[in-house]
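Take a look at the structure set out below.
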Amino acid sequence: MNGLDITSFVARRARLADAMDAAGGGVAVIPTAPERARNRDTHYPYRHDSYAFYVSGFTEPEAVIVVVAGQPRRSILFCRPKHEEREIWDGFRHGPDAARERFGFDEAHSIEEFDTRLPALLAGAANLFHSVGFDEGFDARVTRALNAVRGMARSGLSAPAAIRDVRAMLDPMRLVKDAGEIATMRGAAAISVAAHKRAMRATRPGRHEYEIEAELLHAFRSGGAEQPAYTSIVAGGANACVLHYVTNDAPLRDGELLLIDAGCELRSYASDITRTFPVNGRFSAPQRDLYELVLAAQAAAVAATRPGTPYNVPHEAAVAVLAQGMLDLGLLQGSLDGVIEQGNKREGGYFRFYMHRTGHWLGLDVHDAGDYKRGADWLPLAAGNVVTVEPGIYVRPAQDVPAHFWNIGIRIEDDALVTPTGCELITADCPKTVADIEAWMRG
Ligand code: GLY
Ligand code: MN
Ligand code: MN
C-alpha cells in the first residue's frame with residue numbers, strides 16, 4: 001500500500017459523517033471481510049471488504065472502522081495488535097499506533113478491545129449504521145453490544161432507536177468514481193487489455209483452455225495486478241454457451257471460437273473484458289455474421305451510454321439490434337416488436353439466445369455496489385459512473401435453428417467510463433473488429 005494517497009479515504013469518512021448527520025446522526029460500524037479457512041491452518045486467499053477499504057484504504061483482516069457523526073466527529077480504527085510471533089509466521093501488521101498515523105484515523109485500538117468498547121460508542125447514538133446480514137458473526141457481536149447498552153438504561157444511557165444500512169449511504173458515493181479511482185481503473189484496464197492480447201496470440205488449435213488461462217494470469221501478475229477480479233472464463237467452442245463456464249480444461253479445436261471473459265484487480269479495483277475470437281485466427285462466415293451482430297449491438301449500447309440516460313437504455317438499444325439480427329439471420333421468426341415483446345419467453349423471444357443483461361456497475365467489485373433503480377425508475381447514468389457494456393449471443397443446437405450457427409457463443413465486453421458528454425471505453429485498446437483481431441492473431 002505504499003504510495004496510497006490517504007486524503008481521499010479521510011475525505012470519504014467525512015462525507016459519510018455528513019450523510020449520517022443529515023439522516024439524524026449516529027455511529028457507523030464497518031467491518032472488513034472475515035478470513036475463511038480452507039482446511040486446518042490454511043486459508044483461502046484473503047480479500048478485504050470493499051466498503052471497509054473504501055473508507056480506510058486498510059487491507060488487513062480483523063479490522064473494523066467506526067465513524068462517529070455529530071460533534072466532535074471521530075473516526076476510529078480497530079485492527080490487529082502488533083505480535084512478534086504472528087508477524088514471523090504471517091507477515092507485517094501495522095498495529096493500532098502506526099495504522100492510526102498511516103491511515104489518518106483520530107483513534108485506533110486493538111481489535112481485541114472492540115467488543116468491550118462498542119457499547120460505550122453506541123450509547124446515546126440516535127442511529128446505528130451497520131451492514132445487517134453481511135456477516136452473521138459480526139451481527140451477533142453488534143447485537144450483544146446493543147443489549148449491553150440497553151442493560152445500562154437505568155444509568156440514563158439509551159441504545160440507538162434505529163438500525164440503518166450503512167451501505168445505502170456508501171453506495172451512491174461508490175457509484176461516482178473520483179480522479180484517483182479512475183486512474184486506478186485505467187491501470188487495471190490496461191493490464192487486462194495486455195492480458196487479452198497475449199492470450200489471443202497464444203491461442204491455436206491443440207492448446208487447452210487452461211494454457212490460455214495461464215497466459216492471462218501471467219499477464220495480470222507481471223503487470224502488477226494483485227489477482228483476477230473474478231474467475232477467468234476461457235471457453236472454447238460450445239463451452240462459450242455456458243455463461244459462467246470456469247472449468248477451463250478442454251482442448252481448443254480448429255474452426256471453433258474461443259470466448260475469454262477475464263479481468264484483473266489492481267489496487268482493489270476491477271476490470272472486466274470479454275473477447276471472442278477464432279482459435280485458428282480466421283472467422284468462418286457464420287461466425288462472422290454473429291460476431292458482427294454482437295459488435296453492432298455493443299456499438300448501439302455504447303452510443304446510448306451517456307449522462308442523464310436511464311440505466312436500462314443501453315440494454316434496450318443492444319436488444320433492439322440483436323433481435324433484428326436474430327430475425328435477419330433466421331434464428332427467430334416474426335416481427336421485431338414481437339420478438340422483443342416475447343422477450344424472456346423461450347419460445348419466439350430474443351431471450352432464447354441473449355439471456356443476460358448488457359452490463360453492470362464496475363469498481364471495487366466486479367459487480368459493483370449500488371442500486372440500478374430508484375422506486376420504479378432506472379437510475380440516470382452520471383459522469384464518473386463506470387459500467388460494462390457486454391452484449392452476446394449464445395446458440396444451442398435445436399432443430400429450428402440453422403445448423404451452421406450451432407454451438408457458437410459470442411460476447412464482447414468493454415468497460416465504459418461515463419464522461420460529461422458521453423462515455424469513454426477504457427478497454428478500447430483490446431482488438432475487437434474482425435479485421436483487428438485477425439491482424440493481431442497473424443502478428
Ligand atoms: N465477468 C463477469 C461479468 O462479465 O459480469
Ligand atoms: Mn461484466
Ligand atoms: Mn465479464
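So you can find residues: chains in the C-alpha cells are A, B, ... in the order shown, residues in each start at 1, and ligands are numbered from 1 in order.
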
Determine, counting only C-alpha atoms, which protein, DNA and RNA residues have an atom within 8 Å of an atom of Gly409 in chain A; residues of the same chain fewer than 3 positions away are not included. Present the result as a list in words.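 So the residues in contact are Gly237, Ala238, Asn239, Ala240, Cys241, Leu257, Leu259, Gly392, Ile393, Tyr394 and Val395 of chain A.
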
Give me, as a PyMOL selection string, the set of residues whose atoms come within 6 Å of any atom of ligand 2, counting only C-alpha atoms and all ligand atoms. chain A and resi 272+359+388

Using the selection just defined, write its residues with C-alpha atoms as a compact mmCIF listing (two decimals), in the first residue's frame.
```
# COMPACT_ATOMS: atom_id res chain seq x y z
CA ASP A 272 -13.87 -6.84 -16.83
CA GLY A 359 -23.85 -4.58 -18.21
CA THR A 388 -19.64 -2.63 -18.54
```

Using only C-alpha atoms: which of A:Arg80, A:Arg73, A:Arg86, A:Arg253 has the shortest distance to Pro205 in chain A: A:Arg253

Residues within 7 Å of ligand 1 should be enumerated using only C-alpha atoms and all ligand atoms and returned as number ranges by chain. A: 230, 261-262, 272, 359-360, 366-367

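Neighbouring residues of Asp90 in chain A at 12 Å or closer, counting only C-alpha atoms and skipping chain neighbours under 6 positions away, are Asp41, Thr42, His43, Glu60, Pro61, Lys82, His83 and Glu84 of chain A.
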
Could you list, as an MDAnalysis selection string, all protein and nucleic acid residues with an atom at most 12 Å from ligand 3, counting only C-alpha atoms and all ligand atoms? chainID A and resid 192 228:234 243:245 259:264 270:276 356:362 365:367 387:392 411:415

Go through range 38-141 of chain A residue by residue and, counting only C-alpha atoms, keep those with an atom at most 6 Å from range 166-190 of chain A; for each kept residue give the shortest atom pair and its distance in Å to one decimal, ordered by chain and increasing number, as a tab-separated table.
```
residue	atom	partner	partner_atom	distance
A:Phe129	CA	A:Val166	CA	4.7
A:His130	CA	A:Val166	CA	5.0
A:Ser131	CA	A:Val166	CA	5.8
```

Can I get the selection written as a PDB file, in the first residue's frame, with N, CA and C atoms?
```pdb
ATOM      1  N   PHE A 129     -25.529   2.769  12.059  1.00  0.00           N
ATOM      2  CA  PHE A 129     -25.400   2.466  10.625  1.00  0.00           C
ATOM      3  C   PHE A 129     -24.520   1.229  10.504  1.00  0.00           C
ATOM      4  N   HIS A 130     -25.090   0.159   9.985  1.00  0.00           N
ATOM      5  CA  HIS A 130     -24.448  -1.150  10.069  1.00  0.00           C
ATOM      6  C   HIS A 130     -24.919  -1.987   8.887  1.00  0.00           C
ATOM      7  N   SER A 131     -24.054  -2.881   8.390  1.00  0.00           N
ATOM      8  CA  SER A 131     -24.431  -3.730   7.245  1.00  0.00           C
ATOM      9  C   SER A 131     -25.073  -5.003   7.756  1.00  0.00           C
TER      10      SER A 131
END
```

For a test of reading the model, state the distance in Å between CA of Gly255 in chain A and CA of Asn280 in chain A, rounded to one decimal. 6.4 Å

Please run DSSP on the backbone and report, as a ChimeraX atom specification, all residues within range 21-157 of chain A that come out as helix (DSSP H, G or I). /A:21-22,50-54,84-90,95-103,111-122,136-150,153-155

Asn127 in chain A environment, 8 Å, only C-alpha atoms, sequence neighbours closer than 5 positions dropped, as a list in words: Gly24, Gly25, Gly26, Val27, Pro160, Ala161, Ala162, Ile163 and Arg164 of chain A

Can you pull out every residue within 8 Å of Ser268 in chain A, counting only C-alpha atoms, but drop anything in the same chain fewer than 6 positions away, and send it as a list in words? Ser50, Glu226 and Leu364 of chain A

Please identify all polymer residues within 7 Å of Leu77 in chain A, counting only C-alpha atoms, omitting same-chain residues fewer than 2 positions from it, and present them as a PyMOL selection string. chain A and resi 64-66+75+79+105+107-109

What's the 7 Å shell around range 428-440 of chain A, counting only C-alpha atoms, without same-chain residues fewer than 4 positions away, as a PyMOL selection string? chain A and resi 193+197+281-282

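Interatomic distance, CA of Glu316 in chain A to CA of Val242 in chain A: 22.9 Å.
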